[in-house]
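The next block is my_file-v8.cif, given as mmCIF, N, CA and C atoms.
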data_structure
#
loop_
_atom_site.label_atom_id
_atom_site.label_comp_id
_atom_site.auth_asym_id
_atom_site.auth_seq_id
_atom_site.Cartn_x
_atom_site.Cartn_y
_atom_site.Cartn_z
N MET A 1 -24.73 -42.01 61.92
CA MET A 1 -23.54 -42.04 62.76
C MET A 1 -22.60 -43.17 62.36
N GLU A 2 -23.09 -44.14 61.60
CA GLU A 2 -22.26 -45.25 61.15
C GLU A 2 -21.60 -44.97 59.80
N GLY A 3 -21.94 -43.85 59.17
CA GLY A 3 -21.33 -43.49 57.90
C GLY A 3 -22.00 -44.10 56.69
N ARG A 4 -23.15 -44.71 56.85
CA ARG A 4 -23.86 -45.34 55.72
C ARG A 4 -24.69 -44.28 54.99
N MET A 5 -24.00 -43.43 54.25
CA MET A 5 -24.63 -42.25 53.66
C MET A 5 -25.65 -42.59 52.58
N GLU A 6 -25.44 -43.71 51.87
CA GLU A 6 -26.42 -44.09 50.85
C GLU A 6 -27.75 -44.44 51.53
N ASP A 7 -27.70 -45.14 52.68
CA ASP A 7 -28.91 -45.47 53.42
C ASP A 7 -29.59 -44.22 53.95
N VAL A 8 -28.79 -43.28 54.45
CA VAL A 8 -29.33 -42.03 54.97
C VAL A 8 -30.05 -41.27 53.86
N SER A 9 -29.41 -41.19 52.69
CA SER A 9 -30.02 -40.49 51.56
C SER A 9 -31.35 -41.12 51.17
N GLN A 10 -31.39 -42.44 51.17
CA GLN A 10 -32.62 -43.13 50.81
C GLN A 10 -33.73 -42.84 51.84
N MET A 11 -33.37 -42.86 53.12
CA MET A 11 -34.37 -42.61 54.16
C MET A 11 -34.86 -41.17 54.17
N LEU A 12 -33.95 -40.22 53.95
CA LEU A 12 -34.32 -38.80 53.98
C LEU A 12 -34.95 -38.33 52.67
N GLY A 13 -34.65 -39.04 51.59
CA GLY A 13 -35.10 -38.57 50.28
C GLY A 13 -34.20 -37.47 49.74
N ARG A 14 -33.04 -37.29 50.35
CA ARG A 14 -32.04 -36.30 49.93
C ARG A 14 -30.72 -36.68 50.59
N LYS A 15 -29.65 -36.06 50.12
CA LYS A 15 -28.34 -36.30 50.74
C LYS A 15 -28.28 -35.59 52.10
N TYR A 16 -27.66 -36.26 53.06
CA TYR A 16 -27.45 -35.66 54.38
C TYR A 16 -26.47 -34.51 54.23
N SER A 17 -26.70 -33.42 54.94
CA SER A 17 -25.80 -32.28 54.82
C SER A 17 -25.54 -31.65 56.18
N LEU A 18 -24.48 -30.88 56.20
CA LEU A 18 -24.20 -30.03 57.35
C LEU A 18 -23.63 -28.73 56.84
N LYS A 19 -23.87 -27.66 57.60
CA LYS A 19 -23.34 -26.35 57.27
C LYS A 19 -22.32 -25.96 58.32
N GLY A 20 -21.29 -25.30 57.84
CA GLY A 20 -20.27 -24.85 58.77
C GLY A 20 -19.62 -23.57 58.31
N THR A 21 -18.96 -22.93 59.25
CA THR A 21 -18.16 -21.75 58.97
C THR A 21 -16.72 -22.21 58.74
N VAL A 22 -16.10 -21.68 57.71
CA VAL A 22 -14.73 -22.06 57.39
C VAL A 22 -13.77 -21.30 58.31
N GLU A 23 -12.94 -22.09 59.01
CA GLU A 23 -11.98 -21.53 59.96
C GLU A 23 -10.55 -21.76 59.47
N HIS A 24 -9.63 -20.98 60.04
CA HIS A 24 -8.22 -21.19 59.75
C HIS A 24 -7.77 -22.49 60.39
N GLY A 25 -6.96 -23.24 59.68
CA GLY A 25 -6.36 -24.45 60.22
C GLY A 25 -4.86 -24.28 60.26
N ASN A 26 -4.14 -25.39 60.29
CA ASN A 26 -2.67 -25.29 60.33
C ASN A 26 -2.05 -25.21 58.94
N LYS A 27 -2.88 -25.25 57.90
CA LYS A 27 -2.48 -25.08 56.50
C LYS A 27 -1.54 -26.19 55.99
N LEU A 28 -1.54 -27.35 56.65
CA LEU A 28 -0.73 -28.47 56.21
C LEU A 28 -1.25 -29.03 54.88
N GLY A 29 -2.58 -29.11 54.73
CA GLY A 29 -3.15 -29.63 53.49
C GLY A 29 -2.68 -28.86 52.27
N ARG A 30 -2.55 -27.57 52.43
CA ARG A 30 -2.06 -26.72 51.33
C ARG A 30 -0.65 -27.13 50.92
N THR A 31 0.22 -27.40 51.89
CA THR A 31 1.60 -27.77 51.57
C THR A 31 1.68 -29.17 50.97
N LEU A 32 0.67 -30.01 51.26
CA LEU A 32 0.64 -31.37 50.71
C LEU A 32 -0.02 -31.43 49.33
N GLY A 33 -0.55 -30.31 48.87
CA GLY A 33 -1.24 -30.28 47.58
C GLY A 33 -2.72 -30.57 47.68
N TYR A 34 -3.24 -30.62 48.91
CA TYR A 34 -4.66 -30.88 49.15
C TYR A 34 -5.19 -29.88 50.18
N PRO A 35 -5.34 -28.61 49.76
CA PRO A 35 -5.83 -27.60 50.72
C PRO A 35 -7.24 -27.96 51.20
N THR A 36 -7.51 -27.65 52.45
CA THR A 36 -8.81 -27.98 53.02
C THR A 36 -9.49 -26.76 53.61
N ALA A 37 -10.80 -26.82 53.59
CA ALA A 37 -11.64 -25.87 54.31
C ALA A 37 -11.99 -26.54 55.63
N ASN A 38 -11.54 -25.97 56.72
CA ASN A 38 -11.79 -26.50 58.05
C ASN A 38 -13.12 -25.95 58.54
N LEU A 39 -14.05 -26.84 58.88
CA LEU A 39 -15.40 -26.42 59.21
C LEU A 39 -15.70 -26.48 60.70
N ARG A 40 -16.40 -25.47 61.16
CA ARG A 40 -17.01 -25.47 62.48
C ARG A 40 -18.51 -25.47 62.23
N CYS A 41 -19.18 -26.52 62.67
CA CYS A 41 -20.62 -26.66 62.41
C CYS A 41 -21.40 -25.49 62.99
N LEU A 42 -22.39 -25.04 62.24
CA LEU A 42 -23.24 -23.95 62.70
C LEU A 42 -24.23 -24.42 63.75
N ASP A 43 -24.68 -25.66 63.64
CA ASP A 43 -25.66 -26.22 64.57
C ASP A 43 -24.93 -27.12 65.56
N LYS A 44 -24.88 -26.70 66.81
CA LYS A 44 -24.15 -27.46 67.83
C LYS A 44 -24.75 -28.85 68.06
N ASP A 45 -26.01 -29.05 67.69
CA ASP A 45 -26.67 -30.35 67.86
C ASP A 45 -26.63 -31.20 66.59
N GLN A 46 -25.90 -30.74 65.58
CA GLN A 46 -25.78 -31.46 64.31
C GLN A 46 -25.19 -32.84 64.55
N ILE A 47 -25.78 -33.84 63.93
CA ILE A 47 -25.20 -35.19 63.98
C ILE A 47 -24.06 -35.24 62.98
N ILE A 48 -22.88 -35.56 63.49
CA ILE A 48 -21.69 -35.66 62.65
C ILE A 48 -21.52 -37.13 62.25
N PRO A 49 -21.39 -37.41 60.95
CA PRO A 49 -21.17 -38.79 60.53
C PRO A 49 -19.91 -39.37 61.16
N SER A 50 -19.76 -40.68 61.07
CA SER A 50 -18.63 -41.37 61.70
C SER A 50 -17.29 -40.90 61.13
N ILE A 51 -16.26 -41.15 61.89
CA ILE A 51 -14.91 -40.79 61.48
C ILE A 51 -14.56 -41.53 60.20
N GLY A 52 -13.98 -40.78 59.25
CA GLY A 52 -13.57 -41.39 57.99
C GLY A 52 -13.46 -40.36 56.89
N ILE A 53 -13.28 -40.88 55.68
CA ILE A 53 -13.13 -40.07 54.48
C ILE A 53 -14.38 -40.25 53.62
N TYR A 54 -14.94 -39.13 53.14
CA TYR A 54 -16.20 -39.15 52.41
C TYR A 54 -16.08 -38.47 51.05
N ALA A 55 -16.82 -38.98 50.08
CA ALA A 55 -17.06 -38.28 48.83
C ALA A 55 -18.19 -37.29 49.11
N ILE A 56 -18.01 -36.05 48.67
CA ILE A 56 -18.99 -35.01 48.99
C ILE A 56 -19.28 -34.10 47.79
N HIS A 57 -20.34 -33.34 47.95
CA HIS A 57 -20.59 -32.14 47.16
C HIS A 57 -20.53 -31.00 48.15
N ALA A 58 -19.85 -29.93 47.79
CA ALA A 58 -19.77 -28.75 48.64
C ALA A 58 -20.46 -27.60 47.91
N VAL A 59 -21.27 -26.85 48.65
CA VAL A 59 -21.95 -25.70 48.06
C VAL A 59 -21.46 -24.44 48.74
N HIS A 60 -20.98 -23.52 47.90
CA HIS A 60 -20.50 -22.23 48.38
C HIS A 60 -21.12 -21.14 47.49
N ASN A 61 -21.83 -20.22 48.12
CA ASN A 61 -22.48 -19.12 47.39
C ASN A 61 -23.31 -19.61 46.20
N GLY A 62 -24.02 -20.72 46.38
CA GLY A 62 -24.92 -21.22 45.35
C GLY A 62 -24.26 -22.08 44.28
N SER A 63 -22.94 -22.21 44.32
CA SER A 63 -22.24 -23.05 43.34
C SER A 63 -21.85 -24.38 43.99
N ARG A 64 -22.01 -25.46 43.24
CA ARG A 64 -21.72 -26.80 43.75
C ARG A 64 -20.39 -27.31 43.20
N TYR A 65 -19.61 -27.92 44.07
CA TYR A 65 -18.30 -28.47 43.73
C TYR A 65 -18.21 -29.91 44.24
N ASN A 66 -17.41 -30.71 43.57
CA ASN A 66 -17.11 -32.05 44.06
C ASN A 66 -15.92 -31.97 45.00
N GLY A 67 -15.84 -32.95 45.89
CA GLY A 67 -14.69 -32.96 46.79
C GLY A 67 -14.69 -34.19 47.68
N MET A 68 -13.75 -34.17 48.61
CA MET A 68 -13.68 -35.23 49.61
C MET A 68 -13.49 -34.56 50.97
N LEU A 69 -13.93 -35.26 51.99
CA LEU A 69 -13.94 -34.67 53.32
C LEU A 69 -13.44 -35.68 54.33
N SER A 70 -12.68 -35.18 55.28
CA SER A 70 -12.18 -36.00 56.37
C SER A 70 -12.84 -35.56 57.67
N ILE A 71 -13.37 -36.53 58.38
CA ILE A 71 -13.84 -36.31 59.75
C ILE A 71 -12.93 -37.17 60.62
N GLY A 72 -12.21 -36.54 61.51
CA GLY A 72 -11.31 -37.33 62.34
C GLY A 72 -10.33 -36.50 63.13
N TYR A 73 -9.25 -37.17 63.51
CA TYR A 73 -8.27 -36.59 64.43
C TYR A 73 -6.90 -36.37 63.81
N ASN A 74 -6.76 -36.61 62.52
CA ASN A 74 -5.48 -36.42 61.82
C ASN A 74 -4.32 -37.13 62.52
N PRO A 75 -4.43 -38.44 62.74
CA PRO A 75 -3.43 -39.14 63.54
C PRO A 75 -2.03 -39.18 62.94
N THR A 76 -1.91 -38.94 61.63
CA THR A 76 -0.58 -38.94 61.02
C THR A 76 0.22 -37.72 61.44
N VAL A 77 -0.47 -36.62 61.74
CA VAL A 77 0.24 -35.36 62.00
C VAL A 77 0.11 -34.86 63.44
N THR A 78 -0.76 -35.44 64.25
CA THR A 78 -0.91 -34.96 65.62
C THR A 78 -1.43 -36.06 66.54
N ASP A 79 -1.12 -35.93 67.80
CA ASP A 79 -1.65 -36.84 68.82
C ASP A 79 -2.83 -36.22 69.55
N LYS A 80 -3.19 -34.98 69.20
CA LYS A 80 -4.32 -34.32 69.84
C LYS A 80 -5.61 -35.06 69.52
N LYS A 81 -6.51 -35.07 70.45
CA LYS A 81 -7.81 -35.71 70.24
C LYS A 81 -8.88 -34.64 70.00
N GLU A 82 -8.60 -33.79 69.01
CA GLU A 82 -9.53 -32.74 68.62
C GLU A 82 -10.17 -33.12 67.29
N LEU A 83 -11.49 -33.36 67.31
CA LEU A 83 -12.18 -33.76 66.09
C LEU A 83 -12.14 -32.63 65.07
N ARG A 84 -11.76 -32.98 63.85
CA ARG A 84 -11.66 -32.00 62.76
C ARG A 84 -12.57 -32.44 61.61
N ILE A 85 -13.15 -31.45 60.96
CA ILE A 85 -13.95 -31.67 59.75
C ILE A 85 -13.29 -30.81 58.67
N GLU A 86 -12.68 -31.48 57.68
CA GLU A 86 -11.89 -30.78 56.68
C GLU A 86 -12.28 -31.23 55.28
N ALA A 87 -12.66 -30.27 54.44
CA ALA A 87 -13.09 -30.56 53.07
C ALA A 87 -12.03 -30.13 52.07
N ASN A 88 -11.65 -31.05 51.20
CA ASN A 88 -10.81 -30.72 50.05
C ASN A 88 -11.76 -30.60 48.88
N ILE A 89 -11.92 -29.39 48.38
CA ILE A 89 -12.87 -29.12 47.30
C ILE A 89 -12.11 -29.09 45.99
N PHE A 90 -12.52 -29.94 45.05
CA PHE A 90 -11.82 -30.06 43.78
C PHE A 90 -12.07 -28.82 42.92
N ASP A 91 -11.04 -28.42 42.18
CA ASP A 91 -11.13 -27.31 41.23
C ASP A 91 -11.68 -26.05 41.90
N PHE A 92 -11.14 -25.74 43.07
CA PHE A 92 -11.61 -24.60 43.87
C PHE A 92 -10.40 -23.92 44.47
N ASP A 93 -10.26 -22.63 44.21
CA ASP A 93 -9.10 -21.89 44.71
C ASP A 93 -9.54 -20.50 45.17
N LYS A 94 -10.31 -20.48 46.24
CA LYS A 94 -10.81 -19.21 46.78
C LYS A 94 -10.52 -19.16 48.28
N GLU A 95 -10.29 -17.97 48.77
CA GLU A 95 -10.17 -17.74 50.21
C GLU A 95 -11.59 -17.57 50.75
N ILE A 96 -12.03 -18.51 51.60
CA ILE A 96 -13.42 -18.45 52.09
C ILE A 96 -13.49 -18.49 53.61
N TYR A 97 -12.43 -18.04 54.27
CA TYR A 97 -12.44 -18.01 55.73
C TYR A 97 -13.62 -17.17 56.23
N ASP A 98 -14.26 -17.65 57.29
CA ASP A 98 -15.41 -17.01 57.92
C ASP A 98 -16.68 -17.04 57.06
N GLU A 99 -16.65 -17.76 55.96
CA GLU A 99 -17.83 -17.91 55.11
C GLU A 99 -18.48 -19.26 55.38
N THR A 100 -19.73 -19.40 54.93
CA THR A 100 -20.49 -20.63 55.15
C THR A 100 -20.30 -21.58 53.97
N LEU A 101 -20.14 -22.85 54.32
CA LEU A 101 -20.01 -23.92 53.33
C LEU A 101 -21.00 -25.00 53.73
N GLU A 102 -21.76 -25.51 52.76
CA GLU A 102 -22.66 -26.63 53.05
C GLU A 102 -22.09 -27.87 52.38
N ILE A 103 -22.02 -28.95 53.15
CA ILE A 103 -21.47 -30.21 52.69
C ILE A 103 -22.60 -31.22 52.55
N PHE A 104 -22.69 -31.87 51.38
CA PHE A 104 -23.65 -32.93 51.12
C PHE A 104 -22.86 -34.24 51.00
N PHE A 105 -23.16 -35.19 51.86
CA PHE A 105 -22.43 -36.45 51.91
C PHE A 105 -22.97 -37.41 50.87
N VAL A 106 -22.05 -37.94 50.04
CA VAL A 106 -22.42 -38.88 48.99
C VAL A 106 -22.14 -40.31 49.45
N LYS A 107 -20.90 -40.56 49.90
CA LYS A 107 -20.53 -41.93 50.26
C LYS A 107 -19.30 -41.90 51.18
N LYS A 108 -19.30 -42.79 52.15
CA LYS A 108 -18.10 -42.98 52.96
C LYS A 108 -17.14 -43.84 52.15
N MET A 109 -15.93 -43.34 51.99
CA MET A 109 -14.94 -44.02 51.14
C MET A 109 -14.05 -44.97 51.94
N ARG A 110 -13.68 -44.56 53.16
CA ARG A 110 -12.82 -45.41 53.98
C ARG A 110 -12.77 -44.85 55.40
N ASP A 111 -12.19 -45.65 56.29
CA ASP A 111 -11.97 -45.20 57.66
C ASP A 111 -10.70 -44.36 57.73
N GLU A 112 -10.58 -43.58 58.80
CA GLU A 112 -9.36 -42.81 59.04
C GLU A 112 -8.21 -43.78 59.33
N GLN A 113 -7.01 -43.41 58.88
CA GLN A 113 -5.83 -44.23 59.10
C GLN A 113 -4.68 -43.35 59.57
N LYS A 114 -3.74 -43.96 60.27
CA LYS A 114 -2.49 -43.30 60.60
C LYS A 114 -1.43 -43.85 59.65
N PHE A 115 -0.73 -42.94 58.94
CA PHE A 115 0.28 -43.33 57.97
C PHE A 115 1.67 -43.15 58.57
N GLU A 116 2.64 -43.91 58.03
CA GLU A 116 4.00 -43.88 58.57
C GLU A 116 4.75 -42.60 58.20
N SER A 117 4.25 -41.89 57.18
CA SER A 117 4.93 -40.65 56.76
C SER A 117 3.93 -39.76 56.02
N LEU A 118 4.34 -38.50 55.84
CA LEU A 118 3.50 -37.59 55.05
C LEU A 118 3.46 -38.02 53.59
N ASP A 119 4.56 -38.59 53.09
CA ASP A 119 4.57 -39.10 51.70
C ASP A 119 3.52 -40.21 51.53
N ALA A 120 3.43 -41.10 52.50
CA ALA A 120 2.43 -42.18 52.43
C ALA A 120 1.02 -41.59 52.49
N LEU A 121 0.83 -40.57 53.29
CA LEU A 121 -0.47 -39.90 53.36
C LEU A 121 -0.82 -39.28 52.01
N VAL A 122 0.12 -38.60 51.39
CA VAL A 122 -0.13 -37.96 50.08
C VAL A 122 -0.47 -39.01 49.03
N ARG A 123 0.22 -40.13 49.04
CA ARG A 123 -0.09 -41.21 48.08
C ARG A 123 -1.54 -41.68 48.29
N GLN A 124 -1.96 -41.80 49.55
CA GLN A 124 -3.33 -42.22 49.83
C GLN A 124 -4.33 -41.14 49.40
N LEU A 125 -3.99 -39.88 49.60
CA LEU A 125 -4.88 -38.80 49.16
C LEU A 125 -5.08 -38.83 47.65
N HIS A 126 -4.03 -39.14 46.91
CA HIS A 126 -4.16 -39.29 45.45
C HIS A 126 -5.16 -40.40 45.12
N ARG A 127 -5.01 -41.54 45.81
CA ARG A 127 -5.95 -42.66 45.58
C ARG A 127 -7.36 -42.28 45.99
N ASP A 128 -7.48 -41.57 47.12
CA ASP A 128 -8.80 -41.14 47.58
C ASP A 128 -9.48 -40.25 46.55
N LYS A 129 -8.72 -39.33 45.98
CA LYS A 129 -9.31 -38.43 44.98
C LYS A 129 -9.76 -39.21 43.75
N GLU A 130 -8.92 -40.14 43.28
CA GLU A 130 -9.30 -40.96 42.12
C GLU A 130 -10.58 -41.74 42.39
N GLU A 131 -10.66 -42.37 43.55
CA GLU A 131 -11.84 -43.15 43.91
C GLU A 131 -13.07 -42.25 44.09
N THR A 132 -12.87 -41.09 44.67
CA THR A 132 -13.98 -40.15 44.86
C THR A 132 -14.52 -39.70 43.51
N LEU A 133 -13.64 -39.39 42.58
CA LEU A 133 -14.10 -38.98 41.25
C LEU A 133 -14.87 -40.06 40.53
N LYS A 134 -14.54 -41.33 40.78
CA LYS A 134 -15.31 -42.43 40.21
C LYS A 134 -16.73 -42.45 40.77
N VAL A 135 -16.86 -42.09 42.03
CA VAL A 135 -18.17 -42.12 42.70
C VAL A 135 -19.03 -40.92 42.32
N ILE A 136 -18.42 -39.73 42.27
CA ILE A 136 -19.22 -38.51 42.05
C ILE A 136 -18.96 -37.82 40.74
N GLY A 137 -17.99 -38.31 39.96
CA GLY A 137 -17.71 -37.75 38.65
C GLY A 137 -16.96 -36.49 38.75
#
Any chance you could put this one into structure tokens?
Amino acid sequence: MEGRMEDVSQMLGRKYSLKGTVEHGNKLGRTLGYPTANLRCLDKDQIIPSIGIYAIHAVHNGSRYNGMLSIGYNPTVTDKKELRIEANIFDFDKEIYDETLEIFFVKKMRDEQKFESLDALVRQLHRDKEETLKVIG
């Protein structure tokens, strides 16, 4: 719950994961150049890691992809207090609505932030992707 994914992996002997069904979102990530798969957890009792940005591996239909994931409230674009789990999967361009995606957490990269503009958010997403690729290749 604190986001210390390396410690969790060491204790479990594997990366912590969650499975979810991909739902329709507001499609803002797509317009920003970072489309996301919005997840609804399959297990209602699943422990959700702390709010923040994570380096991840995503598995869809047996294929593994690198990516980054946001757990949070999207404070730059909304004042709603609705927790969202959104994965940006690198080198992935498929429509997977209503399909299952499994997320394996590698490392928490940073806490959620509110940016002054969408341009500032996009600049941070570029940095997040660069840093994530350094962590997971």
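Take the candidates A:Thr21, A:Gln113, A:Thr78, A:Asn61 and check each one against Leu39 (chain A) using all atoms listed in the file; the shortest distance goes to A:Thr21.
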Could you tell me, as an mmCIF file with N, CA and C atoms, in the frame of the given file, which residues of region 28-57 of chain A DSSP assigns to strand (DSSP E or B) when given the backbone?
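That gives us result_25.cif:
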data_model
loop_
_atom_site.group_PDB
_atom_site.id
_atom_site.type_symbol
_atom_site.label_atom_id
_atom_site.label_comp_id
_atom_site.auth_asym_id
_atom_site.auth_seq_id
_atom_site.Cartn_x
_atom_site.Cartn_y
_atom_site.Cartn_z
ATOM 1 N N ALA A 37 -10.800 -26.820 53.590
ATOM 2 C CA ALA A 37 -11.640 -25.870 54.310
ATOM 3 C C ALA A 37 -11.990 -26.540 55.630
ATOM 4 N N ASN A 38 -11.540 -25.970 56.720
ATOM 5 C CA ASN A 38 -11.790 -26.500 58.050
ATOM 6 C C ASN A 38 -13.120 -25.950 58.540
ATOM 7 N N LEU A 39 -14.050 -26.840 58.880
ATOM 8 C CA LEU A 39 -15.400 -26.420 59.210
ATOM 9 C C LEU A 39 -15.700 -26.480 60.700
ATOM 10 N N ARG A 40 -16.400 -25.470 61.160
ATOM 11 C CA ARG A 40 -17.010 -25.470 62.480
ATOM 12 C C ARG A 40 -18.510 -25.470 62.230
ATOM 13 N N CYS A 41 -19.180 -26.520 62.670
ATOM 14 C CA CYS A 41 -20.620 -26.660 62.410
ATOM 15 C C CYS A 41 -21.400 -25.490 62.990
ATOM 16 N N GLY A 52 -13.980 -40.780 59.250
ATOM 17 C CA GLY A 52 -13.570 -41.390 57.990
ATOM 18 C C GLY A 52 -13.460 -40.360 56.890
ATOM 19 N N ILE A 53 -13.280 -40.880 55.680
ATOM 20 C CA ILE A 53 -13.130 -40.070 54.480
ATOM 21 C C ILE A 53 -14.380 -40.250 53.620
ATOM 22 N N TYR A 54 -14.940 -39.130 53.140
ATOM 23 C CA TYR A 54 -16.200 -39.150 52.410
ATOM 24 C C TYR A 54 -16.080 -38.470 51.050
ATOM 25 N N ALA A 55 -16.820 -38.980 50.080
ATOM 26 C CA ALA A 55 -17.060 -38.280 48.830
ATOM 27 C C ALA A 55 -18.190 -37.290 49.110
ATOM 28 N N ILE A 56 -18.010 -36.050 48.670
ATOM 29 C CA ILE A 56 -18.990 -35.010 48.990
ATOM 30 C C ILE A 56 -19.280 -34.100 47.790
ATOM 31 N N HIS A 57 -20.340 -33.340 47.950
ATOM 32 C CA HIS A 57 -20.590 -32.140 47.160
ATOM 33 C C HIS A 57 -20.530 -31.000 48.150
#
Show me the residues close to (-31.1, -30.9, 55.7) - anything with an atom within 12 Å, counting only C-alpha atoms - and format the list as a ChimeraX atom specification. /A:8-9,12-19,43,46-47,102-105
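Relative to CA of Ala55 (chain A), CA of Thr31 (chain A) is found at 21.6 Å.
Minimum atom-to-atom distance to Leu32 (chain A), evaluated using all atoms listed in the file, belongs to A:Val122 out of A:Val122, A:Lys94, A:Met109, A:Lys80.
Residue nearest Val135 (chain A) within the list A:Phe115, A:Thr36, A:Ile48, A:Val106: A:Val106 [criterion: smallest interatomic distance, only C-alpha atoms].
This file, queried with the PyMOL selection byres ((chain A and resi 38) around 7), gives the residues Gly20, Thr21, Val22, Glu23, His24, Gly25, Thr36, Ala37, Leu39, Arg40, Arg84, Ile85, Glu86 and Ala87 of chain A.
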Written file, previous selection with N, CA and C atoms, as a PDB file, keeping the file's coordinate frame:
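Result written to again.pdb:
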ATOM      1  N   GLY A  20     -21.290 -25.300  57.840  1.00  0.00           N
ATOM      2  CA  GLY A  20     -20.270 -24.850  58.770  1.00  0.00           C
ATOM      3  C   GLY A  20     -19.620 -23.570  58.310  1.00  0.00           C
ATOM      4  N   THR A  21     -18.960 -22.930  59.250  1.00  0.00           N
ATOM      5  CA  THR A  21     -18.160 -21.750  58.970  1.00  0.00           C
ATOM      6  C   THR A  21     -16.720 -22.210  58.740  1.00  0.00           C
ATOM      7  N   VAL A  22     -16.100 -21.680  57.710  1.00  0.00           N
ATOM      8  CA  VAL A  22     -14.730 -22.060  57.390  1.00  0.00           C
ATOM      9  C   VAL A  22     -13.770 -21.300  58.310  1.00  0.00           C
ATOM     10  N   GLU A  23     -12.940 -22.090  59.010  1.00  0.00           N
ATOM     11  CA  GLU A  23     -11.980 -21.530  59.960  1.00  0.00           C
ATOM     12  C   GLU A  23     -10.550 -21.760  59.470  1.00  0.00           C
ATOM     13  N   HIS A  24      -9.630 -20.980  60.040  1.00  0.00           N
ATOM     14  CA  HIS A  24      -8.220 -21.190  59.750  1.00  0.00           C
ATOM     15  C   HIS A  24      -7.770 -22.490  60.390  1.00  0.00           C
ATOM     16  N   GLY A  25      -6.960 -23.240  59.680  1.00  0.00           N
ATOM     17  CA  GLY A  25      -6.360 -24.450  60.220  1.00  0.00           C
ATOM     18  C   GLY A  25      -4.860 -24.280  60.260  1.00  0.00           C
ATOM     19  N   THR A  36      -7.510 -27.650  52.450  1.00  0.00           N
ATOM     20  CA  THR A  36      -8.810 -27.980  53.020  1.00  0.00           C
ATOM     21  C   THR A  36      -9.490 -26.760  53.610  1.00  0.00           C
ATOM     22  N   ALA A  37     -10.800 -26.820  53.590  1.00  0.00           N
ATOM     23  CA  ALA A  37     -11.640 -25.870  54.310  1.00  0.00           C
ATOM     24  C   ALA A  37     -11.990 -26.540  55.630  1.00  0.00           C
ATOM     25  N   LEU A  39     -14.050 -26.840  58.880  1.00  0.00           N
ATOM     26  CA  LEU A  39     -15.400 -26.420  59.210  1.00  0.00           C
ATOM     27  C   LEU A  39     -15.700 -26.480  60.700  1.00  0.00           C
ATOM     28  N   ARG A  40     -16.400 -25.470  61.160  1.00  0.00           N
ATOM     29  CA  ARG A  40     -17.010 -25.470  62.480  1.00  0.00           C
ATOM     30  C   ARG A  40     -18.510 -25.470  62.230  1.00  0.00           C
ATOM     31  N   ARG A  84     -11.760 -32.980  63.850  1.00  0.00           N
ATOM     32  CA  ARG A  84     -11.660 -32.000  62.760  1.00  0.00           C
ATOM     33  C   ARG A  84     -12.570 -32.440  61.610  1.00  0.00           C
ATOM     34  N   ILE A  85     -13.150 -31.450  60.960  1.00  0.00           N
ATOM     35  CA  ILE A  85     -13.950 -31.670  59.750  1.00  0.00           C
ATOM     36  C   ILE A  85     -13.290 -30.810  58.670  1.00  0.00           C
ATOM     37  N   GLU A  86     -12.680 -31.480  57.680  1.00  0.00           N
ATOM     38  CA  GLU A  86     -11.890 -30.780  56.680  1.00  0.00           C
ATOM     39  C   GLU A  86     -12.280 -31.230  55.280  1.00  0.00           C
ATOM     40  N   ALA A  87     -12.660 -30.270  54.440  1.00  0.00           N
ATOM     41  CA  ALA A  87     -13.090 -30.560  53.070  1.00  0.00           C
ATOM     42  C   ALA A  87     -12.030 -30.130  52.070  1.00  0.00           C
TER      43      ALA A  87
END
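Restricting the calculation to only C-alpha atoms, the smallest distance between Gly3 (chain A) and any of A:Leu42, A:Leu28, A:Ile53, A:Ala58 is found for A:Ile53.
CA of Lys27 (chain A) to atom N of His126 (chain A) spans 17.1 Å [interatomic distance, one decimal].
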